[in-house]
Amino acid sequence: MAAPPEHPAFLWRNPEPRRSYDVLIVGAGGHGLATAYYLARLHGIKDVAVLERGWLGGGNMGRNTTVIRSNYLWDESAAIYEHSLKLWEGLAEDLDYDLLFSQRGVLNLAHNLHDVREGRRRVNANRLNGIDAEWLDADQVAAICPIMETSPDVRYPVLGATYQPRAGIAKHDHVAWGYARAADALGVDLIQGCEVTDLLIQSGRITGVETSRGTIRAGKVALAAAGHTSVLAGMAGLRLPLQSHPLQALVSELLEPVLPCVVMSNAVHVYVSQAHKGELVMGAGVDAHVSYSQRGSVHVIERQLAAALELFPIFARAHVLRTWAGVVDVTPDASPIVGTTPVENLYLNCGWGTGGFKATPGSGWVYAHTIAHDEPHPLNAPFTLDRFFTGALIDEHGAAAVAH
Ligand SMILES: Cc1cc2nc3c(=O)[nH]c(=O)nc-3n(C[C@H](O)[C@H](O)[C@H](O)COP(=O)(O)OP(=O)(O)OC[C@H]3O[C@@H](n4cnc5c(N)ncnc54)[C@H](O)[C@@H]3O)c2cc1C
């Protein structure tokens with residue numbers, strides 16, 4: 001029998017930064033890495049470096065609760081998130097890397113008449129956009145998720161739920177590593193421990209960046225720095241409609257499989273799934289204050305667990321293993337910003353806030369197009385900075401009300 005292929009010692013090279021590149025991407029989270037991959041693979045732009053001040057995938061990419069879905073309300077959002085979900089469906093094969101992508105279905109619970117109306121409206125809107133959304137009554141919810149408390153006499157009774165069967169979760173680290181390996185193989189330099197400290201601009205045009213490892217010149221610079229985008233944009237004199245907040249999550253000890261799907265509740269404010277290894281993965285809400293620290297307040301976690309126990313009394317005996325936080329960049333309409341900027345050849349991908357993991361492939365795909373063609377793809381054209389001048393906001397607070 002032939003010996004199995006040897007596992008490579010490294011998934012990507014660790015090159016020294018060169019003095020100049022065609023394109024620099026700032027931030028090696030999922031969005032930066034996906035952008036680099038699609039630039040090289042789909043647009044033939046391979047003289048690219050991704051600059052990361054910490055370690056690759058160590059920001060929100062490695063800190064999120066990995067919920068993937070596309071059941072957003074407005075046509076613009078449905079189009080970009082559904083494009084992303086379709087990319088997810090072929091991504092492991094495309095990257096030749098196991099992403100543990102599991103389409104186990106997502107329930108968004110309704111606990112009052114308003115939730116029911118909002119949920120039904122969203123299901124109708126989703127179906128008109130070709131998205132697999134269904135409305136379930138409480139008995140159907142209980143059939144899908146038997147451990148949930150669905151009796152009518154609790155504080156927040158389950159009156160029904162929207163259900164997207166194609167939604168689910170993936171393993172975030174694997175997604176970062178899969179994109180990194182594939183981008184590296186196409187010639188992209190992934191440079192860790194390299195903080196961008198200034199943007200170099202001459203006559204309204206970006207020419208490079210200052211970093212903790214020296215000056216690097218570039219034809220184009222693309223920001224993909226999530227919670228730190230306003231700091232970087234400030235170096236170019238741009239003031240963005242973004243606020244950065246800590247967002248926390250936690251995992252329990254490993255349990256036998258008990259939770260077959262993802263459950264989200266806006267009113268109770270719970271979102272929970274069970275990871276492949278067995279831990280319950282639960283997200284909390286954002287801390288109300290603005291902060292760049294990757295830690296949040298204890299009372300947020302306390303309230304989150306109290307809420308989780310109302311829906312899942314069976315979790316009462318599970319121990320919390322770890323809690324952590326990321327820094328999320330939130331816009332006034334809970335929708336992202338992806339496009340060009342008033343500075344020539346400087347591009348912006350931010351504002352994914354509490355929900356950008358699911359968008360990783362779609363965001364990288366449209367951002368690469370925007371950088372390569374110097375104009376947005378039709379999928380991200382509604383998501384440029386312009387909407388904050390024209391007023392054409394895409395208010396997804398309903399679909400994005402739970403941080404996820
Ligand atoms: C607790 C939590 C739960 C979440 N749950 C979900 C979920 O279930 N589903 C979902 O869809 N989304 C979720 N999100 C949101 C999602 O994680 C983010 O929207 C998404 O990861 C942001 O894109 P990114 O991966 O590129 O960001 P990041 O991984 O944060 O990448 C940005 C990178 O830029 C780097 N950087 C910053 N400044 C500089 C600089 N000056 N120089 C060089 N590098 C710099 C950072 O170090 C970082 O690595 C969650 C987020 C958190 C924190």
# chains A, B, ... in the order shown; residues from 1 in each chain; ligands from 1

call {"tool": "residues_around", "arguments": {"residues": "Leu73 of chain A", "least_positions_apart": "6", "cutoff": "7 Å", "atoms": "only C-alpha atoms", "output": "PyMOL selection string"}}
result
chain A and resi 122+125-126+396+399

call {"tool": "write_last_selection", "arguments": {"atoms": "N, CA and C atoms", "output": "mmCIF file, in the first residue's frame"}}
result
data_model
loop_
_atom_site.group_PDB
_atom_site.id
_atom_site.type_symbol
_atom_site.label_atom_id
_atom_site.label_comp_id
_atom_site.auth_asym_id
_atom_site.auth_seq_id
_atom_site.Cartn_x
_atom_site.Cartn_y
_atom_site.Cartn_z
ATOM 1 N N ARG A 122 -39.610 38.488 6.583
ATOM 2 C CA ARG A 122 -38.258 38.184 6.102
ATOM 3 C C ARG A 122 -38.279 36.893 5.269
ATOM 4 N N ALA A 125 -39.566 37.812 1.890
ATOM 5 C CA ALA A 125 -38.554 38.566 1.132
ATOM 6 C C ALA A 125 -37.448 37.620 0.668
ATOM 7 N N ASN A 126 -37.019 36.733 1.564
ATOM 8 C CA ASN A 126 -35.948 35.784 1.214
ATOM 9 C C ASN A 126 -36.361 34.895 0.048
ATOM 10 N N GLU A 396 -30.190 46.793 8.104
ATOM 11 C CA GLU A 396 -30.334 45.370 8.417
ATOM 12 C C GLU A 396 -30.346 45.131 9.928
ATOM 13 N N ALA A 399 -32.320 41.855 10.736
ATOM 14 C CA ALA A 399 -31.670 40.579 10.463
ATOM 15 C C ALA A 399 -30.368 40.439 11.221
#

call {"tool": "residues_near_ligand", "arguments": {"ligand": "ligand 1", "cutoff": "6 Å", "atoms": "only C-alpha atoms and all ligand atoms", "output": "CSV table (one decimal) with N, CA, C and O atoms, in the first residue's frame"}}
result
chain,number,residue,atom,x,y,z
A,26,VAL,N,-4.0,45.4,4.0
A,26,VAL,CA,-3.7,45.5,5.4
A,26,VAL,C,-4.7,44.7,6.2
A,26,VAL,O,-5.9,45.0,6.2
A,27,GLY,N,-4.2,43.7,6.9
A,27,GLY,CA,-5.0,42.8,7.7
A,27,GLY,C,-5.2,41.4,7.2
A,27,GLY,O,-5.7,41.2,6.1
A,28,ALA,N,-4.6,40.4,7.9
A,28,ALA,CA,-4.7,39.0,7.5
A,28,ALA,C,-5.8,38.3,8.3
A,28,ALA,O,-5.6,37.3,8.9
A,29,GLY,N,-7.0,38.9,8.3
A,29,GLY,CA,-8.2,38.2,8.8
A,29,GLY,C,-8.7,37.5,7.6
A,29,GLY,O,-8.1,37.4,6.5
A,30,GLY,N,-9.9,36.9,7.7
A,30,GLY,CA,-10.5,36.2,6.6
A,30,GLY,C,-10.7,37.1,5.4
A,30,GLY,O,-10.5,36.6,4.3
A,31,HIS,N,-11.2,38.3,5.6
A,31,HIS,CA,-11.5,39.2,4.4
A,31,HIS,C,-10.2,39.5,3.7
A,31,HIS,O,-10.2,39.5,2.4
A,32,GLY,N,-9.1,39.9,4.4
A,32,GLY,CA,-7.9,40.2,3.7
A,32,GLY,C,-7.3,39.0,3.0
A,32,GLY,O,-6.9,39.1,1.8
A,51,LEU,N,-0.3,42.4,4.9
A,51,LEU,CA,0.4,42.8,6.1
A,51,LEU,C,-0.4,42.7,7.3
A,51,LEU,O,-1.6,43.2,7.4
A,52,GLU,N,0.1,42.0,8.3
A,52,GLU,CA,-0.7,41.7,9.5
A,52,GLU,C,0.2,42.1,10.7
A,52,GLU,O,1.3,41.6,10.9
A,53,ARG,N,-0.4,42.9,11.6
A,53,ARG,CA,0.4,43.4,12.7
A,53,ARG,C,0.6,42.3,13.8
A,53,ARG,O,1.5,42.3,14.5
A,54,GLY,N,-0.4,41.4,13.9
A,54,GLY,CA,-0.3,40.3,14.9
A,54,GLY,C,0.1,39.0,14.1
A,54,GLY,O,1.0,38.9,13.4
A,57,GLY,N,-5.1,35.4,11.1
A,57,GLY,CA,-6.3,34.8,11.7
A,57,GLY,C,-6.4,35.1,13.2
A,57,GLY,O,-7.3,34.4,13.8
A,58,GLY,N,-5.7,36.0,13.8
A,58,GLY,CA,-5.7,36.2,15.2
A,58,GLY,C,-6.7,37.3,15.6
A,58,GLY,O,-6.9,37.5,16.8
A,59,GLY,N,-7.3,37.9,14.7
A,59,GLY,CA,-8.3,39.0,15.0
A,59,GLY,C,-9.7,38.3,15.1
A,59,GLY,O,-9.9,37.2,15.7
A,60,ASN,N,-10.7,39.1,14.6
A,60,ASN,CA,-12.1,38.5,14.7
A,60,ASN,C,-12.2,37.2,14.0
A,60,ASN,O,-13.1,36.4,14.4
A,61,MET,N,-11.4,37.0,13.0
A,61,MET,CA,-11.5,35.7,12.3
A,61,MET,C,-11.3,34.5,13.2
A,61,MET,O,-12.0,33.5,13.0
A,63,ARG,N,-12.0,34.6,16.4
A,63,ARG,CA,-12.7,34.8,17.7
A,63,ARG,C,-14.2,34.8,17.5
A,63,ARG,O,-15.0,35.0,18.4
A,64,ASN,N,-14.7,34.5,16.3
A,64,ASN,CA,-16.2,34.6,16.1
A,64,ASN,C,-16.9,33.2,16.3
A,64,ASN,O,-16.2,32.2,16.5
A,65,THR,N,-18.2,33.3,16.3
A,65,THR,CA,-19.0,32.1,16.6
A,65,THR,C,-19.4,31.3,15.3
A,65,THR,O,-20.2,30.4,15.4
A,66,THR,N,-18.9,31.7,14.2
A,66,THR,CA,-18.9,31.0,12.9
A,66,THR,C,-20.3,30.8,12.3
A,66,THR,O,-20.5,29.9,11.5
A,67,VAL,N,-21.3,31.5,12.7
A,67,VAL,CA,-22.6,31.3,12.1
A,67,VAL,C,-22.6,31.8,10.6
A,67,VAL,O,-22.2,32.9,10.3
A,68,ILE,N,-23.1,31.0,9.7
A,68,ILE,CA,-23.1,31.3,8.3
A,68,ILE,C,-24.6,31.2,7.8
A,68,ILE,O,-25.2,30.2,8.1
A,194,CYS,N,3.8,42.7,11.2
A,194,CYS,CA,4.1,43.9,10.4
A,194,CYS,C,3.0,44.9,10.5
A,194,CYS,O,2.0,44.8,9.8
A,195,GLU,N,3.1,45.8,11.4
A,195,GLU,CA,2.0,46.8,11.7
A,195,GLU,C,2.1,48.0,10.7
A,195,GLU,O,3.2,48.6,10.6
A,196,VAL,N,1.0,48.3,10.1
A,196,VAL,CA,1.0,49.6,9.3
A,196,VAL,C,0.8,50.7,10.2
A,196,VAL,O,-0.1,50.8,11.0
A,197,THR,N,1.8,51.7,10.2
A,197,THR,CA,1.8,52.8,11.1
A,197,THR,C,1.4,54.1,10.5
A,197,THR,O,1.1,55.1,11.1
A,224,ALA,N,-8.3,46.0,5.2
A,224,ALA,CA,-9.2,44.9,5.6
A,224,ALA,C,-9.0,44.7,7.1
A,224,ALA,O,-8.6,43.6,7.5
A,225,ALA,N,-9.1,45.7,7.9
A,225,ALA,CA,-8.6,45.7,9.2
A,225,ALA,C,-9.7,45.6,10.3
A,225,ALA,O,-9.5,45.9,11.5
A,226,ALA,N,-11.0,45.4,9.8
A,226,ALA,CA,-12.1,45.2,10.7
A,226,ALA,C,-12.2,46.3,11.8
A,226,ALA,O,-12.2,47.5,11.4
A,228,HIS,N,-10.1,47.9,13.5
A,228,HIS,CA,-9.1,49.0,13.5
A,228,HIS,C,-9.2,49.8,12.2
A,228,HIS,O,-8.3,50.7,12.0
A,247,LEU,N,-16.9,42.6,21.4
A,247,LEU,CA,-18.0,41.6,21.3
A,247,LEU,C,-17.4,40.3,21.8
A,247,LEU,O,-16.4,39.8,21.4
A,248,GLN,N,-18.2,39.7,22.7
A,248,GLN,CA,-17.7,38.5,23.4
A,248,GLN,C,-18.3,37.2,23.0
A,248,GLN,O,-19.5,37.2,22.5
A,249,ALA,N,-17.7,36.1,23.3
A,249,ALA,CA,-18.2,34.8,23.0
A,249,ALA,C,-17.6,33.8,24.1
A,249,ALA,O,-16.7,34.2,24.8
A,283,GLY,N,-22.5,33.2,21.6
A,283,GLY,CA,-22.1,34.5,21.5
A,283,GLY,C,-22.9,35.4,22.4
A,283,GLY,O,-24.0,35.1,22.8
A,325,ALA,N,-13.0,38.0,23.6
A,325,ALA,CA,-13.7,39.1,22.8
A,325,ALA,C,-12.9,39.5,21.6
A,325,ALA,O,-11.7,39.2,21.5
A,326,GLY,N,-13.6,40.0,20.6
A,326,GLY,CA,-13.0,40.6,19.4
A,326,GLY,C,-13.5,42.1,19.4
A,326,GLY,O,-14.2,42.6,20.3
A,327,VAL,N,-13.0,42.8,18.4
A,327,VAL,CA,-13.3,44.3,18.3
A,327,VAL,C,-14.1,44.4,16.9
A,327,VAL,O,-13.5,44.2,15.9
A,328,VAL,N,-15.4,44.7,17.0
A,328,VAL,CA,-16.2,44.7,15.8
A,328,VAL,C,-16.5,46.2,15.4
A,328,VAL,O,-16.7,47.0,16.2
A,352,TRP,N,-18.4,45.2,8.7
A,352,TRP,CA,-19.1,44.0,8.8
A,352,TRP,C,-19.6,43.7,10.2
A,352,TRP,O,-20.3,42.7,10.4
A,353,GLY,N,-19.1,44.4,11.1
A,353,GLY,CA,-19.6,44.4,12.5
A,353,GLY,C,-19.6,43.0,13.1
A,353,GLY,O,-18.6,42.3,13.1
A,354,THR,N,-20.8,42.7,13.6
A,354,THR,CA,-20.9,41.4,14.3
A,354,THR,C,-21.2,40.2,13.4
A,354,THR,O,-21.3,39.1,13.9
A,355,GLY,N,-21.2,40.5,12.1
A,355,GLY,CA,-21.7,39.4,11.2
A,355,GLY,C,-20.9,39.1,9.9
A,355,GLY,O,-21.4,38.7,8.9
A,356,GLY,N,-19.6,39.4,9.9
A,356,GLY,CA,-18.8,39.3,8.7
A,356,GLY,C,-18.1,38.0,8.4
A,356,GLY,O,-17.6,37.8,7.3
A,357,PHE,N,-18.1,37.0,9.4
A,357,PHE,CA,-17.5,35.7,9.1
A,357,PHE,C,-18.2,35.1,7.9
A,357,PHE,O,-17.6,34.6,7.0
A,358,LYS,N,-19.5,35.1,8.0
A,358,LYS,CA,-20.3,34.4,6.9
A,358,LYS,C,-20.0,35.0,5.5
A,358,LYS,O,-20.2,34.4,4.5
A,404,HIS,N,-23.7,38.2,15.6
A,404,HIS,CA,-23.4,36.9,15.1
A,404,HIS,C,-22.4,36.9,14.0
A,404,HIS,O,-22.7,36.5,12.9

call {"tool": "closest_residue", "arguments": {"among": "A:Ala222, A:Gly187, A:Glu210, A:Asp386", "to": "Arg19 of chain A", "atoms": "only C-alpha atoms"}}
result
A:Glu210

call {"tool": "select_by_dssp", "arguments": {"residues": "segment 122-322 of chain A", "states": "strand (DSSP E)", "output": "number ranges by chain"}}
result
A: 134-137, 160-164, 168-169, 189-191, 196-202, 205-211, 214-223, 243-254, 262-265, 270-274, 279-286, 320-322

call {"tool": "residues_around", "arguments": {"residues": "Val298 of chain A", "least_positions_apart": "6", "cutoff": "12 Å", "atoms": "only C-alpha atoms", "output": "ChimeraX atom specification"}}
result
/A:246-250,284-287,304-305,323-325

call {"tool": "write_last_selection", "arguments": {"atoms": "N, CA, C and O atoms", "output": "CSV table (one decimal), in the first residue's frame"}}
result
chain,number,residue,atom,x,y,z
A,246,PRO,N,-16.2,46.0,21.7
A,246,PRO,CA,-15.9,44.7,22.1
A,246,PRO,C,-17.1,43.8,21.9
A,246,PRO,O,-18.2,44.2,22.2
A,247,LEU,N,-16.9,42.6,21.4
A,247,LEU,CA,-18.0,41.6,21.3
A,247,LEU,C,-17.4,40.3,21.8
A,247,LEU,O,-16.4,39.8,21.4
A,248,GLN,N,-18.2,39.7,22.7
A,248,GLN,CA,-17.7,38.5,23.4
A,248,GLN,C,-18.3,37.2,23.0
A,248,GLN,O,-19.5,37.2,22.5
A,249,ALA,N,-17.7,36.1,23.3
A,249,ALA,CA,-18.2,34.8,23.0
A,249,ALA,C,-17.6,33.8,24.1
A,249,ALA,O,-16.7,34.2,24.8
A,250,LEU,N,-18.2,32.6,24.2
A,250,LEU,CA,-17.6,31.7,25.1
A,250,LEU,C,-17.9,30.3,24.6
A,250,LEU,O,-18.7,30.0,23.8
A,284,ALA,N,-22.3,36.5,22.8
A,284,ALA,CA,-23.0,37.5,23.6
A,284,ALA,C,-23.3,38.8,22.8
A,284,ALA,O,-23.1,38.8,21.6
A,285,GLY,N,-23.8,39.8,23.4
A,285,GLY,CA,-24.0,41.1,22.7
A,285,GLY,C,-22.7,42.0,22.8
A,285,GLY,O,-21.8,41.6,23.6
A,286,VAL,N,-22.7,43.1,22.1
A,286,VAL,CA,-21.6,44.0,22.2
A,286,VAL,C,-21.6,44.7,23.5
A,286,VAL,O,-22.7,45.0,24.1
A,287,ASP,N,-20.5,45.1,24.0
A,287,ASP,CA,-20.4,46.1,25.1
A,287,ASP,C,-20.8,47.4,24.6
A,287,ASP,O,-20.5,47.8,23.4
A,304,GLN,N,-25.9,36.9,29.2
A,304,GLN,CA,-26.0,36.0,28.1
A,304,GLN,C,-26.3,34.6,28.6
A,304,GLN,O,-27.2,33.9,28.0
A,305,LEU,N,-25.7,34.2,29.6
A,305,LEU,CA,-25.9,32.8,30.1
A,305,LEU,C,-27.3,32.7,30.8
A,305,LEU,O,-27.9,31.6,30.6
A,323,THR,N,-13.7,32.3,27.8
A,323,THR,CA,-14.5,33.4,27.2
A,323,THR,C,-13.4,34.3,26.5
A,323,THR,O,-12.2,34.3,26.9
A,324,TRP,N,-13.8,35.1,25.6
A,324,TRP,CA,-12.9,36.0,24.9
A,324,TRP,C,-13.7,37.1,24.2
A,324,TRP,O,-14.9,37.1,24.2
A,325,ALA,N,-13.0,38.0,23.6
A,325,ALA,CA,-13.7,39.1,22.8
A,325,ALA,C,-12.9,39.5,21.6
A,325,ALA,O,-11.7,39.2,21.5

call {"tool": "closest_residue", "arguments": {"among": "A:Ala170, A:Ala138, A:Leu254, A:Val221", "to": "Ile371 of chain A", "atoms": "only C-alpha atoms"}}
result
A:Val221

call {"tool": "atom_distance", "arguments": {"atom1": "atom CA of His289 of chain A", "atom2": "atom CA of Thr340 of chain A"}}
result
29.0 Å

call {"tool": "select_by_dssp", "arguments": {"residues": "segment 210-282 of chain A", "states": "alpha helix (DSSP H)", "output": "ChimeraX atom specification"}}
result
/A:229-235

call {"tool": "write_last_selection", "arguments": {"atoms": "all heavy atoms", "output": "PDB file, in the first residue's frame"}}
result
ATOM      1  N   THR A 229     -10.239  49.704  11.425  1.00  0.00           N
ATOM      2  CA  THR A 229     -10.287  50.427  10.158  1.00  0.00           C
ATOM      3  C   THR A 229     -10.319  51.933  10.350  1.00  0.00           C
ATOM      4  O   THR A 229      -9.667  52.673   9.606  1.00  0.00           O
ATOM      5  CB  THR A 229     -11.523  49.985   9.337  1.00  0.00           C
ATOM      6  OG1 THR A 229     -11.499  48.579   9.249  1.00  0.00           O
ATOM      7  CG2 THR A 229     -11.502  50.585   7.949  1.00  0.00           C
ATOM      8  N   SER A 230     -11.086  52.416  11.361  1.00  0.00           N
ATOM      9  CA  SER A 230     -11.155  53.884  11.489  1.00  0.00           C
ATOM     10  C   SER A 230      -9.797  54.464  11.827  1.00  0.00           C
ATOM     11  O   SER A 230      -9.474  55.583  11.402  1.00  0.00           O
ATOM     12  CB  SER A 230     -12.154  54.353  12.541  1.00  0.00           C
ATOM     13  OG  SER A 230     -12.852  53.345  13.095  1.00  0.00           O
ATOM     14  N   VAL A 231      -8.976  53.711  12.596  1.00  0.00           N
ATOM     15  CA  VAL A 231      -7.636  54.201  12.943  1.00  0.00           C
ATOM     16  C   VAL A 231      -6.807  54.337  11.665  1.00  0.00           C
ATOM     17  O   VAL A 231      -6.153  55.361  11.431  1.00  0.00           O
ATOM     18  CB  VAL A 231      -6.950  53.219  13.921  1.00  0.00           C
ATOM     19  CG1 VAL A 231      -5.538  53.685  14.238  1.00  0.00           C
ATOM     20  CG2 VAL A 231      -7.773  53.056  15.188  1.00  0.00           C
ATOM     21  N   LEU A 232      -6.855  53.316  10.819  1.00  0.00           N
ATOM     22  CA  LEU A 232      -6.072  53.351   9.576  1.00  0.00           C
ATOM     23  C   LEU A 232      -6.600  54.422   8.622  1.00  0.00           C
ATOM     24  O   LEU A 232      -5.826  55.186   8.036  1.00  0.00           O
ATOM     25  CB  LEU A 232      -6.110  51.977   8.909  1.00  0.00           C
ATOM     26  CG  LEU A 232      -5.153  50.969   9.560  1.00  0.00           C
ATOM     27  CD1 LEU A 232      -5.646  49.553   9.400  1.00  0.00           C
ATOM     28  CD2 LEU A 232      -3.749  51.115   8.989  1.00  0.00           C
ATOM     29  N   ALA A 233      -7.932  54.486   8.482  1.00  0.00           N
ATOM     30  CA  ALA A 233      -8.507  55.478   7.567  1.00  0.00           C
ATOM     31  C   ALA A 233      -8.172  56.887   8.041  1.00  0.00           C
ATOM     32  O   ALA A 233      -7.952  57.790   7.226  1.00  0.00           O
ATOM     33  CB  ALA A 233     -10.016  55.279   7.465  1.00  0.00           C
ATOM     34  N   GLY A 234      -8.091  57.054   9.369  1.00  0.00           N
ATOM     35  CA  GLY A 234      -7.721  58.350   9.936  1.00  0.00           C
ATOM     36  C   GLY A 234      -6.339  58.801   9.460  1.00  0.00           C
ATOM     37  O   GLY A 234      -6.082  59.999   9.338  1.00  0.00           O
ATOM     38  N   MET A 235      -5.449  57.842   9.172  1.00  0.00           N
ATOM     39  CA  MET A 235      -4.106  58.185   8.680  1.00  0.00           C
ATOM     40  C   MET A 235      -4.183  58.814   7.286  1.00  0.00           C
ATOM     41  O   MET A 235      -3.241  59.459   6.837  1.00  0.00           O
ATOM     42  CB  MET A 235      -3.222  56.924   8.607  1.00  0.00           C
ATOM     43  CG  MET A 235      -2.973  56.264   9.954  1.00  0.00           C
ATOM     44  SD  MET A 235      -2.133  54.672   9.737  1.00  0.00           S
ATOM     45  CE  MET A 235      -2.219  54.006  11.389  1.00  0.00           C
TER      46      MET A 235
END

call {"tool": "residues_around", "arguments": {"residues": "segment 83-89 of chain A", "least_positions_apart": "6", "cutoff": "9 Å", "atoms": "only C-alpha atoms", "output": "JSON, numbers by chain"}}
result
{"A": [68, 69, 70, 101, 103, 166, 167, 358, 359, 360, 361, 362, 363, 365, 379]}

call {"tool": "decode", "arguments": {"residues": "segment 102-126 of chain A", "atoms": "N, CA and C atoms", "output": "compact mmCIF listing (two decimals), in the first residue's frame"}}
result
# COMPACT_ATOMS: atom_id res chain seq x y z
N SER A 102 -20.54 22.95 7.77
CA SER A 102 -21.65 22.05 8.10
C SER A 102 -22.97 22.79 7.94
N GLN A 103 -23.74 22.41 6.93
CA GLN A 103 -25.03 23.07 6.66
C GLN A 103 -26.12 22.40 7.51
N ARG A 104 -26.11 22.73 8.80
CA ARG A 104 -27.01 22.07 9.74
C ARG A 104 -28.27 22.87 10.02
N GLY A 105 -28.43 24.04 9.35
CA GLY A 105 -29.66 24.83 9.50
C GLY A 105 -29.57 25.82 10.64
N VAL A 106 -30.18 26.99 10.44
CA VAL A 106 -30.22 28.04 11.47
C VAL A 106 -31.68 28.40 11.75
N LEU A 107 -32.03 28.39 13.04
CA LEU A 107 -33.35 28.85 13.49
C LEU A 107 -33.22 30.26 14.06
N ASN A 108 -34.07 31.19 13.60
CA ASN A 108 -34.17 32.52 14.24
C ASN A 108 -35.52 32.56 14.95
N LEU A 109 -35.53 32.54 16.27
CA LEU A 109 -36.77 32.36 17.02
C LEU A 109 -37.61 33.63 17.11
N ALA A 110 -38.92 33.43 17.18
CA ALA A 110 -39.87 34.53 17.40
C ALA A 110 -40.55 34.31 18.74
N HIS A 111 -40.57 35.35 19.60
CA HIS A 111 -41.12 35.20 20.94
C HIS A 111 -42.33 36.09 21.19
N ASN A 112 -42.66 36.95 20.23
CA ASN A 112 -43.82 37.84 20.41
C ASN A 112 -44.40 38.16 19.03
N LEU A 113 -45.52 38.85 19.04
CA LEU A 113 -46.21 39.09 17.77
C LEU A 113 -45.34 39.87 16.78
N HIS A 114 -44.58 40.82 17.31
CA HIS A 114 -43.72 41.59 16.42
C HIS A 114 -42.67 40.70 15.76
N ASP A 115 -42.04 39.82 16.58
CA ASP A 115 -41.05 38.89 16.03
C ASP A 115 -41.68 38.03 14.93
N VAL A 116 -42.91 37.57 15.17
CA VAL A 116 -43.58 36.69 14.20
C VAL A 116 -43.77 37.46 12.89
N ARG A 117 -44.24 38.69 13.01
CA ARG A 117 -44.48 39.49 11.78
C ARG A 117 -43.17 39.76 11.05
N GLU A 118 -42.13 40.12 11.80
CA GLU A 118 -40.84 40.42 11.19
C GLU A 118 -40.28 39.16 10.52
N GLY A 119 -40.42 38.02 11.23
CA GLY A 119 -39.89 36.76 10.70
C GLY A 119 -40.59 36.34 9.42
N ARG A 120 -41.92 36.43 9.45
CA ARG A 120 -42.69 36.03 8.24
C ARG A 120 -42.37 36.96 7.07
N ARG A 121 -42.24 38.23 7.37
CA ARG A 121 -41.91 39.20 6.30
C ARG A 121 -40.55 38.84 5.70
N ARG A 122 -39.61 38.49 6.58
CA ARG A 122 -38.26 38.18 6.10
C ARG A 122 -38.28 36.89 5.27
N VAL A 123 -39.04 35.90 5.72
CA VAL A 123 -39.13 34.66 4.94
C VAL A 123 -39.67 34.96 3.55
N ASN A 124 -40.72 35.78 3.47
CA ASN A 124 -41.28 36.12 2.16
C ASN A 124 -40.26 36.85 1.29
N ALA A 125 -39.57 37.81 1.89
CA ALA A 125 -38.55 38.57 1.13
C ALA A 125 -37.45 37.62 0.67
N ASN A 126 -37.02 36.73 1.56
CA ASN A 126 -35.95 35.78 1.21
C ASN A 126 -36.36 34.89 0.05
